[in-house]
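The block underneath contains the structure these notes are about, expressed in structure tokens.
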Amino acid sequence: MSFDPSNPLIVQADRSVFLEAFNPRAEAAQTDIAPFAELISSPEHLHTYRVTPLSLWNAASAGLTADDIVGALARHAKFPLPDNVATDVRELVGRWGRLKLEQYDFALLLIVAPGDEALLTELGRHKEIRPLLGEVMSPTVVTVPAAHRGCSSSS
């Protein structure tokens with residue numbers, strides 16, 4: 001995509017997004033990016049959004065795909081998307097759903113899909129997460145005491 005001065009978005013490499021609020025296409029762009037971009041500030045003429053891992057995971061949980069997100073950004077962008085933005089979006093959206101937390105007796109089970117055991121191993125090696133995990137039940141399942149749900153090791 002080349003420069004399109006009529007489009008209202010400026011997408012930065014750090015995944016910040018600027019919306020020209022006075023642009024005739026601003027409302028359509030705002031509607032399209034709202035499901036995956038967090039509004040940071042909205043002064044009269046230039047609104048600032050940020051596309052974060054959490055905003056992307058929330059969008060993925062609502063059914064949006066990486067292609068939907070990249071497409072919306074590209075469709076409304078004044079300039080071509082920075083090379084890393086599409087890559088970041090695809091990688092971050094691809095992380096959603098890799099871990100599942102399910103109720104089990106008086107604990108929770110942290111489960112990864114078969115073939116993704118390395119992720120569970122990596123979490124078990126993380127110094128802040130390790131104390132929150134319980135018994136390893138299999139290469140794809142570890143318990144999480146219910147008291148640790150939503151905790152951090154510093155609490």
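In the structure tokens, each chain is lettered A, B, ... as it comes, each chain's residues begin at 1, and ligands are numbered from 1 in order of appearance.
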
Test item: residues at most 12 Å from A:Gly71, only C-alpha atoms, excluding those fewer than 5 positions along its chain, as a ChimeraX atom specification:
/A:1,29,32-33,64-66,76-77,80-81,85-86,89-90

Looking only at the backbone, which of the residues in stretch 57-133 of chain A does DSSP tag as helix (DSSP H, G or I), as a PyMOL selection string?
chain A and resi 57-61+66-76+83-95+117-125+130-132

Neighbour list for A:Leu99 as a PyMOL selection string, cut-off 6 Å, only C-alpha atoms, skip fewer than 2 positions in-chain:
chain A and resi 97+111-112

Contacts of A:Ala147 at 10 Å or less, counting only C-alpha atoms, minus same-chain residues fewer than 6 places along, as a CSV table (one decimal) with C-alpha atoms, in the first residue's frame?
chain,number,residue,atom,x,y,z
A,106,PHE,CA,-9.8,-27.3,45.1
A,107,ALA,CA,-7.3,-26.2,42.6
A,108,LEU,CA,-7.1,-25.1,39.0
A,132,LEU,CA,2.5,-20.0,42.0

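For the pair atom CA of A:Pro82 and atom CA of A:Val11, the separation is 7.3 Å.
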
What lies within 12 Å of A:Glu122 using only C-alpha atoms, ignoring chain neighbours under 5 positions off, as a PyMOL selection string?
chain A and resi 112+116-117+127-130+139-140

Next, dump the selected residues to file, keeping only N, CA and C atoms, as a CSV table (one decimal), in the first residue's frame.
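So again35.csv came out as:
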chain,number,residue,atom,x,y,z
A,112,VAL,N,-1.8,-27.0,28.6
A,112,VAL,CA,-1.4,-26.6,27.2
A,112,VAL,C,-1.7,-27.7,26.3
A,116,ASP,N,2.8,-28.4,22.8
A,116,ASP,CA,3.1,-27.1,23.3
A,116,ASP,C,3.7,-27.2,24.7
A,117,GLU,N,4.3,-28.4,25.0
A,117,GLU,CA,4.8,-28.7,26.3
A,117,GLU,C,5.9,-27.7,26.7
A,127,LYS,N,11.0,-17.3,37.3
A,127,LYS,CA,11.2,-17.1,38.8
A,127,LYS,C,9.9,-16.5,39.5
A,128,GLU,N,9.1,-15.7,38.8
A,128,GLU,CA,8.0,-15.1,39.4
A,128,GLU,C,6.7,-16.0,39.3
A,129,ILE,N,6.7,-16.9,38.4
A,129,ILE,CA,5.6,-17.8,38.2
A,129,ILE,C,5.7,-19.1,38.9
A,130,ARG,N,7.0,-19.7,39.0
A,130,ARG,CA,7.2,-20.9,39.6
A,130,ARG,C,6.6,-21.1,41.0
A,139,PRO,N,3.1,-33.7,31.3
A,139,PRO,CA,3.9,-32.7,30.5
A,139,PRO,C,3.0,-31.5,30.0
A,140,THR,N,1.7,-31.7,30.0
A,140,THR,CA,0.8,-30.7,29.5
A,140,THR,C,-0.1,-30.1,30.6

For A:Leu109: contacts at 6 Å, only C-alpha atoms, fewer than 6 positions along chain excluded, given as a ChimeraX atom specification:
/A:101-102,142-144

If you run DSSP on this backbone, which residues of stretch 4-151 of chain A come out as strand (DSSP E or B), and could you give them as a tab-separated table (two decimals) with all heavy atoms, in the first residue's frame?
chain	number	residue	atom	x	y	z
A	9	LEU	N	-5.57	7.25	9.72
A	9	LEU	CA	-4.69	6.63	10.71
A	9	LEU	C	-3.22	6.78	10.36
A	9	LEU	O	-2.84	6.66	9.19
A	9	LEU	CB	-4.96	5.13	10.84
A	9	LEU	CG	-6.27	4.67	11.45
A	9	LEU	CD1	-6.27	3.15	11.57
A	9	LEU	CD2	-6.55	5.31	12.79
A	10	ILE	N	-2.42	6.98	11.40
A	10	ILE	CA	-0.97	6.91	11.28
A	10	ILE	C	-0.54	5.84	12.29
A	10	ILE	O	-0.75	5.98	13.49
A	10	ILE	CB	-0.30	8.26	11.60
A	10	ILE	CG1	-0.79	9.33	10.63
A	10	ILE	CG2	1.22	8.12	11.56
A	10	ILE	CD1	-0.40	10.74	10.99
A	11	VAL	N	0.01	4.74	11.76
A	11	VAL	CA	0.41	3.61	12.59
A	11	VAL	C	1.92	3.64	12.75
A	11	VAL	O	2.66	3.68	11.76
A	11	VAL	CB	-0.04	2.27	11.95
A	11	VAL	CG1	0.36	1.09	12.82
A	11	VAL	CG2	-1.54	2.28	11.68
A	16	SER	N	1.67	2.25	18.38
A	16	SER	CA	0.79	3.36	18.70
A	16	SER	C	0.11	3.78	17.41
A	16	SER	O	0.66	3.62	16.31
A	16	SER	CB	1.54	4.53	19.35
A	16	SER	OG	2.58	4.97	18.52
A	17	VAL	N	-1.12	4.26	17.54
A	17	VAL	CA	-1.94	4.60	16.38
A	17	VAL	C	-2.53	5.99	16.63
A	17	VAL	O	-3.11	6.23	17.69
A	17	VAL	CB	-3.07	3.57	16.17
A	17	VAL	CG1	-3.95	3.95	15.00
A	17	VAL	CG2	-2.50	2.17	15.99
A	18	PHE	N	-2.37	6.87	15.66
A	18	PHE	CA	-2.94	8.21	15.75
A	18	PHE	C	-4.10	8.32	14.78
A	18	PHE	O	-3.98	7.95	13.62
A	18	PHE	CB	-1.88	9.27	15.43
A	18	PHE	CG	-0.68	9.17	16.33
A	18	PHE	CD1	0.53	8.67	15.86
A	18	PHE	CD2	-0.76	9.56	17.66
A	18	PHE	CE1	1.63	8.56	16.69
A	18	PHE	CE2	0.34	9.46	18.51
A	18	PHE	CZ	1.53	8.95	18.02
A	19	LEU	N	-5.21	8.81	15.28
A	19	LEU	CA	-6.42	8.98	14.47
A	19	LEU	C	-6.69	10.47	14.32
A	19	LEU	O	-6.87	11.19	15.31
A	19	LEU	CB	-7.61	8.31	15.15
A	19	LEU	CG	-8.99	8.55	14.52
A	19	LEU	CD1	-9.09	7.84	13.17
A	19	LEU	CD2	-10.08	8.09	15.45
A	20	GLU	N	-6.73	10.94	13.08
A	20	GLU	CA	-7.08	12.33	12.80
A	20	GLU	C	-8.59	12.46	12.98
A	20	GLU	O	-9.38	12.05	12.12
A	20	GLU	CB	-6.68	12.70	11.37
A	20	GLU	CG	-5.20	12.64	11.11
A	20	GLU	CD	-4.85	12.83	9.65
A	20	GLU	OE1	-5.71	12.59	8.76
A	20	GLU	OE2	-3.69	13.20	9.38
A	38	GLU	N	-6.50	0.25	22.36
A	38	GLU	CA	-6.90	0.97	23.57
A	38	GLU	C	-6.75	2.47	23.34
A	38	GLU	O	-5.69	2.93	22.92
A	38	GLU	CB	-6.02	0.57	24.75
A	38	GLU	CG	-6.10	-0.89	25.11
A	38	GLU	CD	-5.09	-1.28	26.18
A	38	GLU	OE1	-4.41	-0.40	26.75
A	38	GLU	OE2	-4.99	-2.49	26.43
A	39	LEU	N	-7.80	3.22	23.64
A	39	LEU	CA	-7.73	4.68	23.54
A	39	LEU	C	-6.88	5.20	24.70
A	39	LEU	O	-7.16	4.94	25.86
A	39	LEU	CB	-9.14	5.28	23.60
A	39	LEU	CG	-9.22	6.80	23.53
A	39	LEU	CD1	-8.68	7.31	22.19
A	39	LEU	CD2	-10.66	7.24	23.73
A	40	ILE	N	-5.84	5.96	24.37
A	40	ILE	CA	-4.93	6.52	25.37
A	40	ILE	C	-5.29	7.97	25.68
A	40	ILE	O	-5.35	8.38	26.83
A	40	ILE	CB	-3.46	6.44	24.88
A	40	ILE	CG1	-3.07	5.00	24.56
A	40	ILE	CG2	-2.51	7.05	25.90
A	40	ILE	CD1	-3.16	4.03	25.70
A	41	SER	N	-5.54	8.74	24.63
A	41	SER	CA	-5.94	10.14	24.83
A	41	SER	C	-6.77	10.58	23.63
A	41	SER	O	-6.62	10.06	22.53
A	41	SER	CB	-4.73	11.05	25.00
A	41	SER	OG	-3.99	11.11	23.82
A	46	LEU	N	-6.50	14.98	17.43
A	46	LEU	CA	-5.68	13.79	17.21
A	46	LEU	C	-5.84	12.83	18.40
A	46	LEU	O	-5.41	13.14	19.50
A	46	LEU	CB	-4.20	14.17	17.04
A	46	LEU	CG	-3.27	13.07	16.57
A	46	LEU	CD1	-3.60	12.67	15.13
A	46	LEU	CD2	-1.83	13.54	16.67
A	47	HIS	N	-6.48	11.69	18.15
A	47	HIS	CA	-6.68	10.70	19.20
A	47	HIS	C	-5.53	9.69	19.14
A	47	HIS	O	-5.09	9.32	18.05
A	47	HIS	CB	-8.01	9.97	19.02
A	47	HIS	CG	-9.19	10.87	19.12
A	47	HIS	ND1	-10.47	10.40	19.07
A	47	HIS	CD2	-9.31	12.21	19.29
A	47	HIS	CE1	-11.32	11.39	19.20
A	47	HIS	NE2	-10.63	12.51	19.32
A	48	THR	N	-5.08	9.27	20.30
A	48	THR	CA	-3.97	8.31	20.38
A	48	THR	C	-4.48	6.99	20.91
A	48	THR	O	-5.16	6.94	21.94
A	48	THR	CB	-2.86	8.84	21.31
A	48	THR	OG1	-2.42	10.11	20.83
A	48	THR	CG2	-1.69	7.88	21.35
A	49	TYR	N	-4.14	5.91	20.20
A	49	TYR	CA	-4.48	4.55	20.59
A	49	TYR	C	-3.19	3.76	20.73
A	49	TYR	O	-2.16	4.10	20.17
A	49	TYR	CB	-5.34	3.87	19.50
A	49	TYR	CG	-6.72	4.43	19.37
A	49	TYR	CD1	-6.96	5.59	18.64
A	49	TYR	CD2	-7.81	3.80	19.97
A	49	TYR	CE1	-8.24	6.10	18.50
A	49	TYR	CE2	-9.09	4.30	19.83
A	49	TYR	CZ	-9.30	5.45	19.10
A	49	TYR	OH	-10.57	5.95	18.97
A	50	ARG	N	-3.29	2.66	21.45
A	50	ARG	CA	-2.15	1.74	21.58
A	50	ARG	C	-2.68	0.33	21.35
A	50	ARG	O	-3.70	-0.05	21.93
A	50	ARG	CB	-1.53	1.87	22.97
A	50	ARG	CG	-0.49	0.84	23.31
A	50	ARG	CD	0.89	1.12	22.87
A	50	ARG	NE	1.36	2.38	23.41
A	50	ARG	CZ	2.47	2.96	22.99
A	50	ARG	NH1	3.18	2.38	22.07
A	50	ARG	NH2	2.86	4.09	23.48
A	77	ALA	N	-4.90	3.22	7.09
A	77	ALA	CA	-3.61	3.88	7.31
A	77	ALA	C	-3.28	4.86	6.18
A	77	ALA	O	-3.48	4.57	5.01
A	77	ALA	CB	-2.51	2.84	7.43
A	99	LEU	N	-2.75	-21.37	26.53
A	99	LEU	CA	-2.91	-21.84	27.91
A	99	LEU	C	-4.39	-21.81	28.27
A	99	LEU	O	-5.09	-20.88	27.90
A	99	LEU	CB	-2.16	-20.93	28.89
A	99	LEU	CG	-0.65	-20.92	28.81
A	99	LEU	CD1	-0.10	-19.78	29.65
A	99	LEU	CD2	-0.08	-22.25	29.29
A	100	LYS	N	-4.81	-22.81	29.01
A	100	LYS	CA	-6.18	-22.83	29.51
A	100	LYS	C	-6.14	-23.10	31.00
A	100	LYS	O	-5.33	-23.89	31.48
A	100	LYS	CB	-6.99	-23.92	28.81
A	100	LYS	CG	-7.20	-23.65	27.34
A	100	LYS	CD	-8.20	-24.59	26.74
A	100	LYS	CE	-8.43	-24.44	25.27
A	100	LYS	NZ	-7.96	-23.38	24.52
A	101	LEU	N	-7.00	-22.45	31.74
A	101	LEU	CA	-7.11	-22.63	33.18
A	101	LEU	C	-8.49	-23.21	33.45
A	101	LEU	O	-9.50	-22.60	33.11
A	101	LEU	CB	-6.94	-21.27	33.87
A	101	LEU	CG	-6.57	-21.23	35.33
A	101	LEU	CD1	-5.29	-22.00	35.61
A	101	LEU	CD2	-6.44	-19.79	35.80
A	102	GLU	N	-8.52	-24.43	34.02
A	102	GLU	CA	-9.79	-25.11	34.28
A	102	GLU	C	-9.90	-25.47	35.75
A	102	GLU	O	-8.90	-25.78	36.40
A	102	GLU	CB	-9.89	-26.38	33.43
A	102	GLU	CG	-9.95	-26.11	31.94
A	102	GLU	CD	-10.07	-27.37	31.11
A	102	GLU	OE1	-10.18	-28.48	31.68
A	102	GLU	OE2	-10.06	-27.24	29.87
A	103	GLN	N	-11.13	-25.47	36.26
A	103	GLN	CA	-11.40	-25.83	37.65
A	103	GLN	C	-11.16	-27.32	37.84
A	103	GLN	O	-11.54	-28.13	37.00
A	103	GLN	CB	-12.86	-25.50	38.00
A	103	GLN	CG	-13.20	-25.68	39.46
A	103	GLN	CD	-12.51	-24.69	40.37
A	103	GLN	OE1	-12.46	-23.50	40.07
A	103	GLN	NE2	-11.96	-25.16	41.47
A	104	TYR	N	-10.52	-27.69	38.97
A	104	TYR	CA	-10.27	-29.09	39.30
A	104	TYR	C	-10.23	-29.22	40.81
A	104	TYR	O	-9.31	-28.72	41.45
A	104	TYR	CB	-8.94	-29.54	38.69
A	104	TYR	CG	-8.55	-30.95	39.03
A	104	TYR	CD1	-9.16	-32.03	38.41
A	104	TYR	CD2	-7.56	-31.21	39.97
A	104	TYR	CE1	-8.81	-33.33	38.72
A	104	TYR	CE2	-7.19	-32.50	40.29
A	104	TYR	CZ	-7.82	-33.56	39.66
A	104	TYR	OH	-7.45	-34.85	39.97
A	107	ALA	N	-8.38	-26.88	43.29
A	107	ALA	CA	-7.29	-26.19	42.59
A	107	ALA	C	-7.76	-25.88	41.18
A	107	ALA	O	-8.92	-26.07	40.83
A	107	ALA	CB	-6.04	-27.08	42.55
A	108	LEU	N	-6.84	-25.39	40.41
A	108	LEU	CA	-7.07	-25.14	39.00
A	108	LEU	C	-6.02	-25.93	38.23
A	108	LEU	O	-4.95	-26.24	38.75
A	108	LEU	CB	-6.92	-23.65	38.70
A	108	LEU	CG	-7.88	-22.73	39.44
A	108	LEU	CD1	-7.40	-21.29	39.37
A	108	LEU	CD2	-9.27	-22.84	38.84
A	109	LEU	N	-6.34	-26.26	37.00
A	109	LEU	CA	-5.38	-26.91	36.13
A	109	LEU	C	-4.95	-25.93	35.05
A	109	LEU	O	-5.79	-25.31	34.40
A	109	LEU	CB	-5.99	-28.15	35.46
A	109	LEU	CG	-6.44	-29.27	36.38
A	109	LEU	CD1	-7.04	-30.40	35.55
A	109	LEU	CD2	-5.28	-29.78	37.22
A	110	LEU	N	-3.66	-25.79	34.89
A	110	LEU	CA	-3.10	-25.00	33.81
A	110	LEU	C	-2.71	-26.01	32.74
A	110	LEU	O	-1.89	-26.90	32.97
A	110	LEU	CB	-1.87	-24.21	34.29
A	110	LEU	CG	-1.25	-23.25	33.31
A	110	LEU	CD1	-2.25	-22.17	32.89
A	110	LEU	CD2	-0.01	-22.61	33.93
A	111	ILE	N	-3.33	-25.88	31.57
A	111	ILE	CA	-3.22	-26.89	30.52
A	111	ILE	C	-2.72	-26.26	29.23
A	111	ILE	O	-3.17	-25.19	28.84
A	111	ILE	CB	-4.60	-27.54	30.27
A	111	ILE	CG1	-5.15	-28.11	31.57
A	111	ILE	CG2	-4.53	-28.59	29.18
A	111	ILE	CD1	-6.62	-28.52	31.48
A	112	VAL	N	-1.79	-26.96	28.58
A	112	VAL	CA	-1.36	-26.59	27.23
A	112	VAL	C	-1.73	-27.73	26.30
A	112	VAL	O	-1.86	-28.88	26.72
A	112	VAL	CB	0.16	-26.30	27.13
A	112	VAL	CG1	0.54	-25.11	27.99
A	112	VAL	CG2	0.98	-27.51	27.47
A	136	VAL	N	3.01	-30.99	39.10
A	136	VAL	CA	3.03	-31.30	37.68
A	136	VAL	C	2.31	-32.63	37.50
A	136	VAL	O	2.74	-33.66	38.03
A	136	VAL	CB	4.47	-31.38	37.12
A	136	VAL	CG1	4.46	-31.82	35.67
A	136	VAL	CG2	5.17	-30.04	37.29
A	137	MET	N	1.19	-32.62	36.80
A	137	MET	CA	0.39	-33.84	36.64
A	137	MET	C	0.76	-34.58	35.35
A	137	MET	O	0.58	-35.79	35.27
A	137	MET	CB	-1.09	-33.49	36.66
A	137	MET	CG	-1.51	-32.87	37.99
A	137	MET	SD	-3.25	-32.52	38.08
A	137	MET	CE	-3.89	-34.17	38.33
A	138	SER	N	1.27	-33.85	34.36
A	138	SER	CA	1.71	-34.45	33.09
A	138	SER	C	2.52	-33.38	32.37
A	138	SER	O	2.56	-32.22	32.81
A	138	SER	CB	0.51	-34.90	32.25
A	138	SER	OG	-0.08	-33.79	31.60
A	141	VAL	N	0.02	-30.58	31.83
A	141	VAL	CA	-0.89	-30.14	32.90
A	141	VAL	C	-0.12	-29.92	34.20
A	141	VAL	O	0.64	-30.78	34.63
A	141	VAL	CB	-2.02	-31.18	33.15
A	141	VAL	CG1	-2.95	-30.71	34.28
A	141	VAL	CG2	-2.80	-31.46	31.88
A	142	VAL	N	-0.37	-28.77	34.82
A	142	VAL	CA	0.17	-28.48	36.14
A	142	VAL	C	-0.96	-27.87	36.96
A	142	VAL	O	-1.82	-27.17	36.43
A	142	VAL	CB	1.41	-27.54	36.07
A	142	VAL	CG1	1.05	-26.18	35.53
A	142	VAL	CG2	2.09	-27.42	37.42
A	143	THR	N	-0.98	-28.16	38.26
A	143	THR	CA	-2.01	-27.57	39.11
A	143	THR	C	-1.61	-26.16	39.52
A	143	THR	O	-0.42	-25.81	39.56
A	143	THR	CB	-2.25	-28.40	40.39
A	143	THR	OG1	-1.05	-28.42	41.18
A	143	THR	CG2	-2.70	-29.82	40.07
A	144	VAL	N	-2.61	-25.37	39.80
A	144	VAL	CA	-2.42	-24.02	40.34
A	144	VAL	C	-3.35	-23.95	41.53
A	144	VAL	O	-4.57	-24.02	41.37
A	144	VAL	CB	-2.79	-22.93	39.32
A	144	VAL	CG1	-2.66	-21.54	39.94
A	144	VAL	CG2	-1.95	-23.04	38.06
A	145	PRO	N	-2.80	-23.86	42.76
A	145	PRO	CA	-3.70	-23.75	43.91
A	145	PRO	C	-4.68	-22.58	43.71
A	145	PRO	O	-4.30	-21.52	43.23
A	145	PRO	CB	-2.74	-23.48	45.07
A	145	PRO	CG	-1.44	-24.09	44.62
A	145	PRO	CD	-1.40	-23.86	43.13

For atom CA of A:Leu120 and atom CA of A:Asp68, determine how far apart the two atoms are, in Å to one decimal place.
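Result for atom CA of A:Leu120 versus atom CA of A:Asp68: 28.8 Å, one decimal.
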
Have a look at A:Gly134, A:Gly124, A:Pro53, A:Gly115 and name the one nearest to A:Trp96; count only C-alpha atoms.
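Closest to A:Trp96, using only C-alpha atoms: A:Pro53.
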
Hey, can you check how far atom CA of A:Gln30 sits from atom CA of A:Arg98?
29.3 Å
